[in-house]
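Asks: Quick one: the structure is below, questions incoming.
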Number of protein chains: 2
Amino acid sequence: MPRETLTKDQIIRTAVELLDSEGIEGLSMRQLGTRLNSAATAVYWHVKSKDDLLVLAADAVWEEIELPDLKEVTWQAAATAMAKGLFAMILRHPWLVPAMSTHLLYGLGKARHDDHLLAVYQAAGFTGRDVEQAMKTVFTFVLGTALGVASEAAWRARLRHTGGDEQAQIRDLVAQATEIAMRFPRLRAHSAAQEDDGPSPSPDKELEFGLRTILNGLQSELGTRPS
Amino acid sequence: MPRETLTKDQIIRTAVELLDSEGIEGLSMRQLGTRLNSAATAVYWHVKSKDDLLVLAADAVWEEIELPDLKEVTWQAAATAMAKGLFAMILRHPWLVPAMSTHLLYGLGKARHDDHLLAVYQAAGFTGRDVEQAMKTVFTFVLGTALGVASEAAWRARLRHTGGDEQAQIRDLVAQATEIAMRFPRLRAHSAAQEDDGPSPSPDKELEFGLRTILNGLQSELGTRPS
DNA sequence: CCGACGACTTGCACAGTGTTCAAGTGGGAG
DNA sequence: CTCCCACTTGAACACTGTGCAAGTCGTCGG
């Protein structure tokens, strides 16, 4: 039988795990090496570079997204399902946001997702350039929302990595940020009023609110065009 | 007269310049040092850490955004102006996107912007939680759109940095990406159809399309609420 | 005018990074 | 048994952020 050896697949899986637990700055070839019980440089036989590996890892996670069946539901339901699936995936892998913002990401996984997304908006009745515009509007909105959440995950991971009392550091940072905001009377009044309204809405609620209004807007855009 | 010495301001300005021209990975303390004609470690007297400096630089650029006067225009016009101002600012400083996705950014500049943004949506008639939801919907959409454009700037900068023929590398990457996409019949057909429609819309057009539909959606959301 | 203090700068050092490369290892084929 | 080749290894290089002891140089008290 063949000797136990690294596989590209195993490397990518381990890279994703490492990224999930340590954030994008936590991915180092040597750390990856120890997790794989091999020398750091062994990875270079299977993969061109760290950037290459990151692109591979980033593409792998797109496969996790479930694609809704188009025949059974309205286009709004399908678009919502796609958006929520993407959003949830990014929350599981917050490092994807910094990765997207510095690398050109592509691959089978992403193409599979994009293909289905295209189908959804074509089925909705958008034509020509509009189908791309509509798609992108929703897609980028999800990305923007994910950015906020991913950001928090990222700087928490960063603080964890620098050592010291993480909780205290977070308190300091947040205190500093709010101290500055409170110098603006309007912001102060607003934040006081918000406290009376109970806890602020979860990211999922934010996503739902935005999706609803965007899809409404798209629907009326659709109305002004002949089918 | 006092001896010529570094100032925090000068450091931040130079850091922004360096970030603009080299991207976020191009910001190194030693490079910054040479641009300042000083030792890299001299900066550490004025600034706690590189992360600290990045937060300062990131906050500085928010000051560039012009805040529209609220008395003269409809809320949609004001919201559009804010969104376009933010978008243009990010295009001038694409490193802000990766910075936002890994650091907790705050400061006077951002607070100033947020304060005015709040004013816009309050004046529009949103109340309670809705004002934040509406604000965030537009804001995150702009961020998402900016992410796409900033990403391209970032990986171009990255390629430039690794040396070699940048143009050729770009061609290779794009070719690889489209090769994969073309395996999906629907994507292939769509991209062929797009070519007949002339050049794809500029990022600004994308932004305008999305803004229009989102603001429409928000307007009708506003209609269902009592003022 | 002088000495001392303190604001600021410097160079060195350390641990860590991605990556290259010559040298090694071991299983399967002839 | 031998050779080859897929795969692994460790050393090395240039680079990173940062701590620290030492140095420089204006200003101020005597």
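Each chain in the structure tokens gets a letter, A, B and so on, in the order shown; residues start at 1 in every chain, and ligands are counted from 1 in the order they appear.
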Mind checking which residues fall within 9 Å of range 13-27 of chain C, counting only C-alpha atoms (C1' of nucleotides), ignoring those fewer than 2 positions away in the same chain, and posting them as a CSV table (one decimal) with all heavy atoms, in the first residue's frame?
Replies:
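What ended up in out-v6.csv:
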```
chain,number,residue,atom,x,y,z
A,1,MET,N,0.9,-1.2,0.0
A,1,MET,CA,0.0,0.0,0.0
A,1,MET,C,0.9,1.2,0.0
A,1,MET,O,2.0,1.2,0.5
A,1,MET,CB,-0.9,0.0,1.2
A,1,MET,CG,-0.2,0.3,2.5
A,1,MET,SD,-1.2,0.1,4.0
A,1,MET,CE,-0.1,-0.7,5.1
A,2,PRO,N,0.3,2.3,-0.6
A,2,PRO,CA,1.1,3.5,-0.7
A,2,PRO,C,1.4,4.1,0.7
A,2,PRO,O,0.6,4.0,1.6
A,2,PRO,CB,0.2,4.5,-1.5
A,2,PRO,CG,-1.2,4.0,-1.3
A,2,PRO,CD,-1.0,2.5,-1.1
A,3,ARG,N,2.5,4.8,0.8
A,3,ARG,CA,2.8,5.5,2.1
A,3,ARG,C,1.9,6.6,2.3
A,3,ARG,O,1.4,7.2,1.4
A,3,ARG,CB,4.3,5.9,2.0
A,3,ARG,CG,4.5,7.4,2.2
A,3,ARG,CD,6.0,7.7,2.2
A,3,ARG,NE,6.5,8.2,1.0
A,3,ARG,CZ,7.5,9.1,0.8
A,3,ARG,NH1,8.0,9.6,1.9
A,3,ARG,NH2,7.9,9.5,-0.3
A,28,SER,N,-0.6,30.5,9.0
A,28,SER,CA,0.8,30.5,8.6
A,28,SER,C,1.2,29.1,8.2
A,28,SER,O,0.7,28.1,8.6
A,28,SER,CB,1.6,31.0,9.8
A,28,SER,OG,2.0,29.9,10.6
A,29,MET,N,2.1,29.1,7.2
A,29,MET,CA,2.5,27.8,6.7
A,29,MET,C,3.1,26.9,7.7
A,29,MET,O,2.8,25.7,7.7
A,29,MET,CB,3.5,28.1,5.6
A,29,MET,CG,3.0,28.9,4.4
A,29,MET,SD,1.5,28.3,3.7
A,29,MET,CE,2.0,27.3,2.4
A,41,THR,N,7.1,23.2,4.7
A,41,THR,CA,7.5,23.4,3.2
A,41,THR,C,6.9,22.2,2.4
A,41,THR,O,7.0,22.3,1.2
A,41,THR,CB,9.0,23.5,3.0
A,41,THR,OG1,9.6,22.5,3.7
A,41,THR,CG2,9.4,24.8,3.6
A,44,TYR,N,4.3,23.0,-0.1
A,44,TYR,CA,4.6,23.6,-1.4
A,44,TYR,C,4.7,22.7,-2.6
A,44,TYR,O,4.8,23.1,-3.7
A,44,TYR,CB,5.9,24.5,-1.3
A,44,TYR,CG,5.7,25.8,-0.6
A,44,TYR,CD1,5.7,25.9,0.8
A,44,TYR,CD2,5.3,26.9,-1.3
A,44,TYR,CE1,5.5,27.1,1.5
A,44,TYR,CE2,5.1,28.1,-0.7
A,44,TYR,CZ,5.2,28.2,0.7
A,44,TYR,OH,4.9,29.4,1.3
A,49,SER,N,1.6,28.5,-3.7
A,49,SER,CA,1.9,29.6,-2.8
A,49,SER,C,0.9,29.7,-1.7
A,49,SER,O,-0.2,29.0,-1.8
A,49,SER,CB,2.1,30.9,-3.5
A,49,SER,OG,0.9,31.3,-4.0
A,50,LYS,N,1.1,30.5,-0.7
A,50,LYS,CA,0.1,30.7,0.3
A,50,LYS,C,-1.1,31.4,-0.3
A,50,LYS,O,-2.3,31.0,0.0
A,50,LYS,CB,0.7,31.6,1.4
A,50,LYS,CG,-0.3,31.7,2.6
A,50,LYS,CD,0.3,32.7,3.6
A,50,LYS,CE,-0.8,33.0,4.7
A,50,LYS,NZ,-0.3,34.0,5.6
D,7,DC,P,2.6,12.4,-5.1
D,7,DC,OP1,1.4,11.7,-4.6
D,7,DC,OP2,2.4,13.5,-6.1
D,7,DC,O5',3.5,12.9,-3.9
D,7,DC,C5',3.7,12.0,-2.8
D,7,DC,C4',4.9,12.4,-2.0
D,7,DC,O4',6.1,12.6,-2.8
D,7,DC,C3',4.8,13.8,-1.3
D,7,DC,O3',4.3,13.5,0.0
D,7,DC,C2',6.2,14.4,-1.3
D,7,DC,C1',7.0,13.3,-1.9
D,7,DC,N1,8.2,13.7,-2.7
D,7,DC,C2,9.5,13.5,-2.1
D,7,DC,O2,9.6,12.9,-1.0
D,7,DC,N3,10.6,13.9,-2.8
D,7,DC,C4,10.4,14.5,-4.0
D,7,DC,N4,11.5,14.8,-4.7
D,7,DC,C5,9.1,14.7,-4.6
D,7,DC,C6,8.1,14.3,-3.9
D,8,DT,P,4.2,14.6,1.1
D,8,DT,OP1,3.3,14.1,2.2
D,8,DT,OP2,3.9,15.9,0.4
D,8,DT,O5',5.7,14.7,1.7
D,8,DT,C5',6.1,13.6,2.5
D,8,DT,C4',7.5,13.9,3.0
D,8,DT,O4',8.4,14.2,2.0
D,8,DT,C3',7.5,15.1,4.0
D,8,DT,O3',8.0,14.6,5.3
D,8,DT,C2',8.5,16.1,3.3
D,8,DT,C1',9.3,15.2,2.4
D,8,DT,N1,9.8,15.9,1.1
D,8,DT,C2,11.1,16.1,0.9
D,8,DT,O2,12.0,15.7,1.7
D,8,DT,N3,11.4,16.7,-0.2
D,8,DT,C4,10.6,17.2,-1.2
D,8,DT,O4,11.0,17.7,-2.2
D,8,DT,C5,9.2,17.0,-0.9
D,8,DT,C7,8.1,17.4,-1.9
D,8,DT,C6,8.8,16.3,0.2
D,9,DT,P,7.9,15.7,6.5
D,9,DT,OP1,7.7,14.9,7.7
D,9,DT,OP2,7.0,16.8,6.1
D,9,DT,O5',9.4,16.2,6.5
D,9,DT,C5',10.5,15.3,6.6
D,9,DT,C4',11.8,16.0,6.4
D,9,DT,O4',11.9,16.4,5.0
D,9,DT,C3',12.0,17.2,7.2
D,9,DT,O3',13.0,16.9,8.2
D,9,DT,C2',12.5,18.3,6.3
D,9,DT,C1',12.8,17.5,5.0
D,9,DT,N1,12.5,18.3,3.7
D,9,DT,C2,13.5,18.7,2.9
D,9,DT,O2,14.7,18.5,3.2
D,9,DT,N3,13.1,19.4,1.8
D,9,DT,C4,11.8,19.6,1.4
D,9,DT,O4,11.6,20.2,0.3
D,9,DT,C5,10.8,19.2,2.3
D,9,DT,C7,9.3,19.4,1.9
D,9,DT,C6,11.1,18.5,3.4
D,12,DA,P,22.3,26.6,7.5
D,12,DA,OP1,23.7,26.4,7.2
D,12,DA,OP2,21.9,26.9,8.9
D,12,DA,O5',21.7,27.7,6.5
D,12,DA,C5',21.9,27.5,5.2
D,12,DA,C4',21.0,28.5,4.4
D,12,DA,O4',19.6,28.1,4.6
D,12,DA,C3',21.1,29.9,4.9
D,12,DA,O3',21.7,30.7,3.9
D,12,DA,C2',19.7,30.4,5.1
D,12,DA,C1',18.8,29.2,4.5
D,12,DA,N9,17.6,29.0,5.2
D,12,DA,C8,17.4,28.6,6.5
D,12,DA,N7,16.1,28.4,6.8
D,12,DA,C5,15.5,28.8,5.7
D,12,DA,C6,14.1,28.8,5.4
D,12,DA,N6,13.1,28.5,6.3
D,12,DA,N1,13.7,29.2,4.1
D,12,DA,C2,14.7,29.5,3.2
D,12,DA,N3,16.0,29.5,3.4
D,12,DA,C4,16.3,29.1,4.7
D,13,DC,P,22.0,32.3,4.2
D,13,DC,OP1,23.2,32.6,3.4
D,13,DC,OP2,22.0,32.5,5.6
D,13,DC,O5',20.8,33.0,3.5
D,13,DC,C5',20.4,32.7,2.1
D,13,DC,C4',19.3,33.7,1.7
D,13,DC,O4',18.1,33.1,2.2
D,13,DC,C3',19.4,35.1,2.3
D,13,DC,O3',19.2,36.0,1.3
D,13,DC,C2',18.4,35.1,3.4
D,13,DC,C1',17.3,34.1,2.9
D,13,DC,N1,16.6,33.4,4.0
D,13,DC,C2,15.2,33.2,3.8
D,13,DC,O2,14.7,33.6,2.8
D,13,DC,N3,14.5,32.6,4.8
D,13,DC,C4,15.1,32.3,5.9
D,13,DC,N4,14.4,31.7,6.9
D,13,DC,C5,16.5,32.5,6.1
D,13,DC,C6,17.2,33.1,5.1
D,15,DC,P,14.7,42.1,1.2
D,15,DC,OP1,14.2,42.7,0.0
D,15,DC,OP2,16.0,42.6,1.8
D,15,DC,O5',13.7,42.2,2.4
D,15,DC,C5',12.3,42.0,2.1
D,15,DC,C4',11.6,41.5,3.3
D,15,DC,O4',12.3,40.5,4.0
D,15,DC,C3',11.3,42.5,4.4
D,15,DC,O3',10.2,43.3,4.1
D,15,DC,C2',10.9,41.6,5.6
D,15,DC,C1',11.5,40.3,5.2
D,15,DC,N1,12.4,39.7,6.3
D,15,DC,C2,11.8,38.9,7.3
D,15,DC,O2,10.5,38.8,7.2
D,15,DC,N3,12.5,38.4,8.3
D,15,DC,C4,13.8,38.6,8.3
D,15,DC,N4,14.5,38.1,9.3
D,15,DC,C5,14.5,39.4,7.3
D,15,DC,C6,13.7,39.9,6.3
D,16,DT,P,9.8,44.6,5.0
D,16,DT,OP1,8.9,45.5,4.2
D,16,DT,OP2,11.1,45.2,5.5
D,16,DT,O5',9.0,44.0,6.2
D,16,DT,C5',7.7,43.4,6.0
D,16,DT,C4',7.3,42.7,7.2
D,16,DT,O4',8.2,41.7,7.6
D,16,DT,C3',7.2,43.6,8.5
D,16,DT,O3',6.0,44.4,8.4
D,16,DT,C2',7.2,42.6,9.6
D,16,DT,C1',8.1,41.5,9.0
D,16,DT,N1,9.5,41.5,9.6
D,16,DT,C2,9.7,40.9,10.8
D,16,DT,O2,8.9,40.5,11.5
D,16,DT,N3,11.1,40.9,11.2
D,16,DT,C4,12.1,41.3,10.4
D,16,DT,O4,13.3,41.2,10.9
D,16,DT,C5,11.8,41.9,9.2
D,16,DT,C7,12.9,42.4,8.3
D,16,DT,C6,10.5,41.9,8.8
```
Asks: Could you work out which residues of chain B fall inside 10 Å of chain C? Count only C-alpha atoms (C1' of nucleotides), and format the result as an MDAnalysis selection string.
Replies: chainID B and resid 3 5:6 38:43 45:46
Asks: Hey, can you spit out that residue selection with C-alpha atoms as a CSV table (one decimal), in the first residue's frame?
Replies:
```csv
chain,number,residue,atom,x,y,z
B,3,ARG,CA,14.5,70.8,16.2
B,5,THR,CA,10.8,66.3,14.6
B,6,LEU,CA,8.1,63.9,13.5
B,38,SER,CA,13.8,58.4,10.0
B,39,ALA,CA,14.3,55.0,11.6
B,40,ALA,CA,11.4,52.7,11.5
B,41,THR,CA,11.2,52.5,15.2
B,42,ALA,CA,11.0,56.3,15.7
B,43,VAL,CA,7.3,56.0,14.8
B,45,TRP,CA,7.3,57.0,20.1
B,46,HIS,CA,4.2,58.7,18.5
```
Asks: Would you compute the distance between CA of His116 in chain B and CA of Ile65 in chain B? Give it in Å to one decimal.
Replies: 10.8 Å
Asks: Contacts from chain A to chain B, 6 Å maximum, only C-alpha atoms: show me the residue list as a compact mmCIF listing (two decimals) with C-alpha atoms, in the first residue's frame.
Replies:
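Now in part.txt:
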```
# COMPACT_ATOMS: atom_id res chain seq x y z
CA PRO A 98 -10.70 39.97 4.25
CA SER A 101 -10.97 42.18 -0.26
CA THR A 102 -7.36 41.37 -1.12
CA HIS A 103 -7.49 38.41 -3.50
CA TYR A 106 -12.63 32.19 -8.24
CA ALA A 111 -19.00 29.48 -10.22
CA ASP A 115 -24.64 30.05 -11.98
CA THR A 137 -27.47 44.69 -5.75
CA THR A 140 -23.29 43.21 -2.52
CA PHE A 141 -25.80 44.07 0.16
CA LEU A 143 -21.54 41.13 1.45
CA GLY A 144 -21.74 44.49 3.15
CA THR A 145 -23.81 43.11 5.99
CA SER A 151 -15.08 42.39 11.12
CA ALA A 154 -11.70 39.23 12.99
CA TRP A 155 -10.62 41.77 15.56
CA ALA A 177 -15.19 54.19 20.48
CA ALA A 181 -19.38 58.93 19.52
CA LEU A 187 -25.54 60.26 18.35
CA GLY A 210 -32.61 44.95 4.03
CA THR A 213 -36.81 46.41 1.12
CA ILE A 214 -34.37 45.65 -1.69
CA ASN A 216 -39.51 45.28 -2.96
CA GLY A 217 -37.53 47.88 -4.80
CA LEU A 218 -36.49 45.34 -7.42
```
Asks: From a DSSP calculation on the backbone, collect every residue of range 4-204 of chain A in alpha helix (DSSP H) and output the set as a PyMOL selection string.
Replies: chain A and resi 8-22+29-35+43-46+50-62+75-92+96-102+108-124+129-162+166-181+185-196+203-204
Asks: Using only C-alpha atoms (C1' of nucleotides), I'd like every residue of chain D that has an atom within 8 Å of chain B; please write them out as a tab-separated table (two decimals) with C-alpha atoms (C1' of nucleotides), in the first residue's frame.
Replies:
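Result went into selection_12.tsv, see below:
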```
chain	number	residue	atom	x	y	z
D	16	DT	C1'	8.13	41.51	9.03
D	17	DG	C1'	6.60	44.06	13.87
D	25	DC	C1'	20.01	67.64	20.99
D	26	DG	C1'	17.15	71.70	22.19
```
